[in-house]
Amino acid sequence: MTKKKVLLDILKYVIFFGIGMLLFFWVYKGQNVKQIWGRLSEFDYTWIGFSFIAFLGSILFRALRWNMLIGSIGYKPRIINTFLSVLVMYLANTAVTRMGEVARCGILKKYEKVPFTAQLGTVMIERVVDVLFLAVLLALVFFFNWDILSTLLIPDPNAAPGKFAILQSPLFWILIGLMVVAALSVFLLRKKLMRIPIVIKLLSYVEKFVDGLKSVLKLRQPVLFIIYTVALYGCYFLNTLFILKAFGPTAALSPMVSVSVLAMGSVGMVVPVPSGFGPYDWFALHTLMLYGVMQPEGQLVTLVLHLSTILFIIVCGAIALGLLPVINKKRDLN
């Protein structure tokens, strides 16, 4: 890696981190530490304890799923090492985005002798599956919550909500027009576009995405892999649901609200900011407000939802780092 590339990566990290922090403080404007601390007693910590258990469940299913992928390339790491490496991954990602992927691969290389480069392929497949699952989740959220979400696009407050009410929105037809123009432009200029470096890079990502999906289908038990993925996101859903249940103003919200917060919050986590600070909070808060939660209550429950999970990750990740050498003490690490 050249010095220029290192400096560029540092600059990108600083820029995205700065944007994330600005957005984070903007989301929580009007709150102060004393107010937040004073209202924490309003939460039912039994539910928060359940949310931690659900999050641990998500880590277990991610570890089981990753073990399947590693098994497909001829290695069989112990599930305890995979589980602890995933915990360390989450811990590392709280400091530097994507650093966790490197950390977990390094752990299995050290303790299970799985080649680092071979693991990177399995990590890429995991990312592809997660992106696809998130896309499906978002589609379901918009479909089942269209009566609420359509109000953002329909300017006439007297218009009857429904699946086809979007057709009344000028913005909808503008977006359709732009998409048609963009598609025609790409088709007509396809030969010239194929010579542009950034287009070549994007196409390589698409190719990797398709290859990743094919790899899943080639697994010995693809259905079990899908079950692990659904269970993983099911635990994420329970983590969100239990936090909302823990707070009076959000306790009565329907489970679909938790799905919406999970889906929209996950969009914020895609932004390359450590732990999604800022983008996650913005998406989660505004999703809650869309369902009628007042801003002060939405700010508080979003903060607890985000920070409690991060604190839990830090504690569990630190424990995992301490356990790894103890558990593998008698194994030959040379």
# chains A, B, ... in the order shown; residues from 1 in each chain; ligands from 1

call {"tool": "residues_around", "arguments": {"residues": "A:Gly71", "least_positions_apart": "2", "cutoff": "12 Å", "atoms": "only C-alpha atoms", "output": "PyMOL selection string"}}
result
chain A and resi 63-69+73-79+82+114+118-119+122+219-221+225

call {"tool": "residues_around", "arguments": {"residues": "A:Leu238", "least_positions_apart": "3", "cutoff": "7 Å", "atoms": "only C-alpha atoms", "output": "JSON, numbers by chain"}}
result
{"A": [51, 54, 234, 235, 241, 242]}

call {"tool": "write_last_selection", "arguments": {"atoms": "C-alpha atoms", "output": "tab-separated table (two decimals), in the first residue's frame"}}
result
chain	number	residue	atom	x	y	z
A	51	SER	CA	-32.28	-7.40	24.14
A	54	ALA	CA	-31.12	-11.49	21.48
A	234	GLY	CA	-34.68	-12.24	13.61
A	235	CYS	CA	-32.40	-11.70	16.60
A	241	LEU	CA	-38.27	-4.81	19.78
A	242	PHE	CA	-37.16	-5.42	23.37

call {"tool": "closest_atom_pairs", "arguments": {"of": "stretch 67-102 of chain A", "to": "stretch 296-311 of chain A", "cutoff": "10 Å", "atoms": "only C-alpha atoms", "output": "Markdown table"}}
result
| residue | atom | partner | partner_atom | distance |
| --- | --- | --- | --- | --- |
| A:Tyr90 | CA | A:Ile310 | CA | 8.8 |
| A:Leu91 | CA | A:Ile310 | CA | 8.4 |
| A:Thr94 | CA | A:Ile310 | CA | 7.4 |

call {"tool": "write_last_selection", "arguments": {"atoms": "N, CA and C atoms", "output": "mmCIF file, in the first residue's frame"}}
result
data_model
loop_
_atom_site.group_PDB
_atom_site.id
_atom_site.type_symbol
_atom_site.label_atom_id
_atom_site.label_comp_id
_atom_site.auth_asym_id
_atom_site.auth_seq_id
_atom_site.Cartn_x
_atom_site.Cartn_y
_atom_site.Cartn_z
ATOM 1 N N TYR A 90 -17.084 -7.183 15.920
ATOM 2 C CA TYR A 90 -17.969 -6.081 16.307
ATOM 3 C C TYR A 90 -17.210 -5.045 17.143
ATOM 4 N N LEU A 91 -16.346 -5.524 18.023
ATOM 5 C CA LEU A 91 -15.561 -4.609 18.856
ATOM 6 C C LEU A 91 -14.666 -3.728 17.992
ATOM 7 N N THR A 94 -16.292 -0.853 16.136
ATOM 8 C CA THR A 94 -16.679 0.346 16.895
ATOM 9 C C THR A 94 -15.603 1.420 16.806
#

call {"tool": "select_by_dssp", "arguments": {"residues": "stretch 15-128 of chain A", "states": "helix (DSSP H, G or I)", "output": "number ranges by chain"}}
result
A: 15-27, 33-42, 45-71, 79-93, 99-112, 116-128

call {"tool": "residues_around", "arguments": {"residues": "stretch 244-257 of chain A", "least_positions_apart": "4", "cutoff": "6 Å", "atoms": "only C-alpha atoms", "output": "ChimeraX atom specification"}}
result
/A:43-44,47

call {"tool": "residues_around", "arguments": {"residues": "A:Val270", "least_positions_apart": "3", "cutoff": "10 Å", "atoms": "only C-alpha atoms", "output": "PyMOL selection string"}}
result
chain A and resi 97+131+265-267+273+275-276+279-280

call {"tool": "write_last_selection", "arguments": {"atoms": "N, CA and C atoms", "output": "PDB file, in the first residue's frame"}}
result
ATOM      1  N   THR A  97     -14.275   1.468  10.869  1.00  0.00           N
ATOM      2  CA  THR A  97     -15.197   0.743  10.005  1.00  0.00           C
ATOM      3  C   THR A  97     -14.460  -0.305   9.186  1.00  0.00           C
ATOM      4  N   VAL A 131     -26.436  -7.702   2.086  1.00  0.00           N
ATOM      5  CA  VAL A 131     -26.978  -6.619   1.247  1.00  0.00           C
ATOM      6  C   VAL A 131     -28.292  -7.055   0.612  1.00  0.00           C
ATOM      7  N   GLY A 265     -32.583   1.748  10.113  1.00  0.00           N
ATOM      8  CA  GLY A 265     -31.336   1.910  10.861  1.00  0.00           C
ATOM      9  C   GLY A 265     -30.185   1.192  10.184  1.00  0.00           C
ATOM     10  N   SER A 266     -30.472   0.034   9.567  1.00  0.00           N
ATOM     11  CA  SER A 266     -29.428  -0.719   8.865  1.00  0.00           C
ATOM     12  C   SER A 266     -28.894   0.054   7.672  1.00  0.00           C
ATOM     13  N   VAL A 267     -29.758   0.863   7.054  1.00  0.00           N
ATOM     14  CA  VAL A 267     -29.297   1.730   5.957  1.00  0.00           C
ATOM     15  C   VAL A 267     -28.246   2.693   6.491  1.00  0.00           C
ATOM     16  N   VAL A 273     -19.111   4.931   8.703  1.00  0.00           N
ATOM     17  CA  VAL A 273     -18.828   5.648   9.947  1.00  0.00           C
ATOM     18  C   VAL A 273     -18.766   4.610  11.061  1.00  0.00           C
ATOM     19  N   SER A 275     -19.495   2.264  13.848  1.00  0.00           N
ATOM     20  CA  SER A 275     -20.731   1.929  14.574  1.00  0.00           C
ATOM     21  C   SER A 275     -21.958   2.690  14.088  1.00  0.00           C
ATOM     22  N   GLY A 276     -21.862   3.304  12.919  1.00  0.00           N
ATOM     23  CA  GLY A 276     -23.015   4.015  12.381  1.00  0.00           C
ATOM     24  C   GLY A 276     -23.392   5.257  13.159  1.00  0.00           C
ATOM     25  N   PRO A 279     -25.570   8.513  11.212  1.00  0.00           N
ATOM     26  CA  PRO A 279     -26.544   8.028  10.215  1.00  0.00           C
ATOM     27  C   PRO A 279     -27.574   7.070  10.797  1.00  0.00           C
ATOM     28  N   TYR A 280     -27.114   6.098  11.618  1.00  0.00           N
ATOM     29  CA  TYR A 280     -28.066   5.153  12.223  1.00  0.00           C
ATOM     30  C   TYR A 280     -29.086   5.909  13.077  1.00  0.00           C
TER      31      TYR A 280
END

call {"tool": "atom_distance", "arguments": {"atom1": "atom CA of A:Leu60", "atom2": "atom CA of A:Trp282"}}
result
28.2 Å

call {"tool": "atom_distance", "arguments": {"atom1": "atom CA of A:Leu84", "atom2": "atom CA of A:Leu321"}}
result
7.6 Å

call {"tool": "atom_distance", "arguments": {"atom1": "atom CA of A:Lys34", "atom2": "atom CA of A:Val293"}}
result
21.7 Å
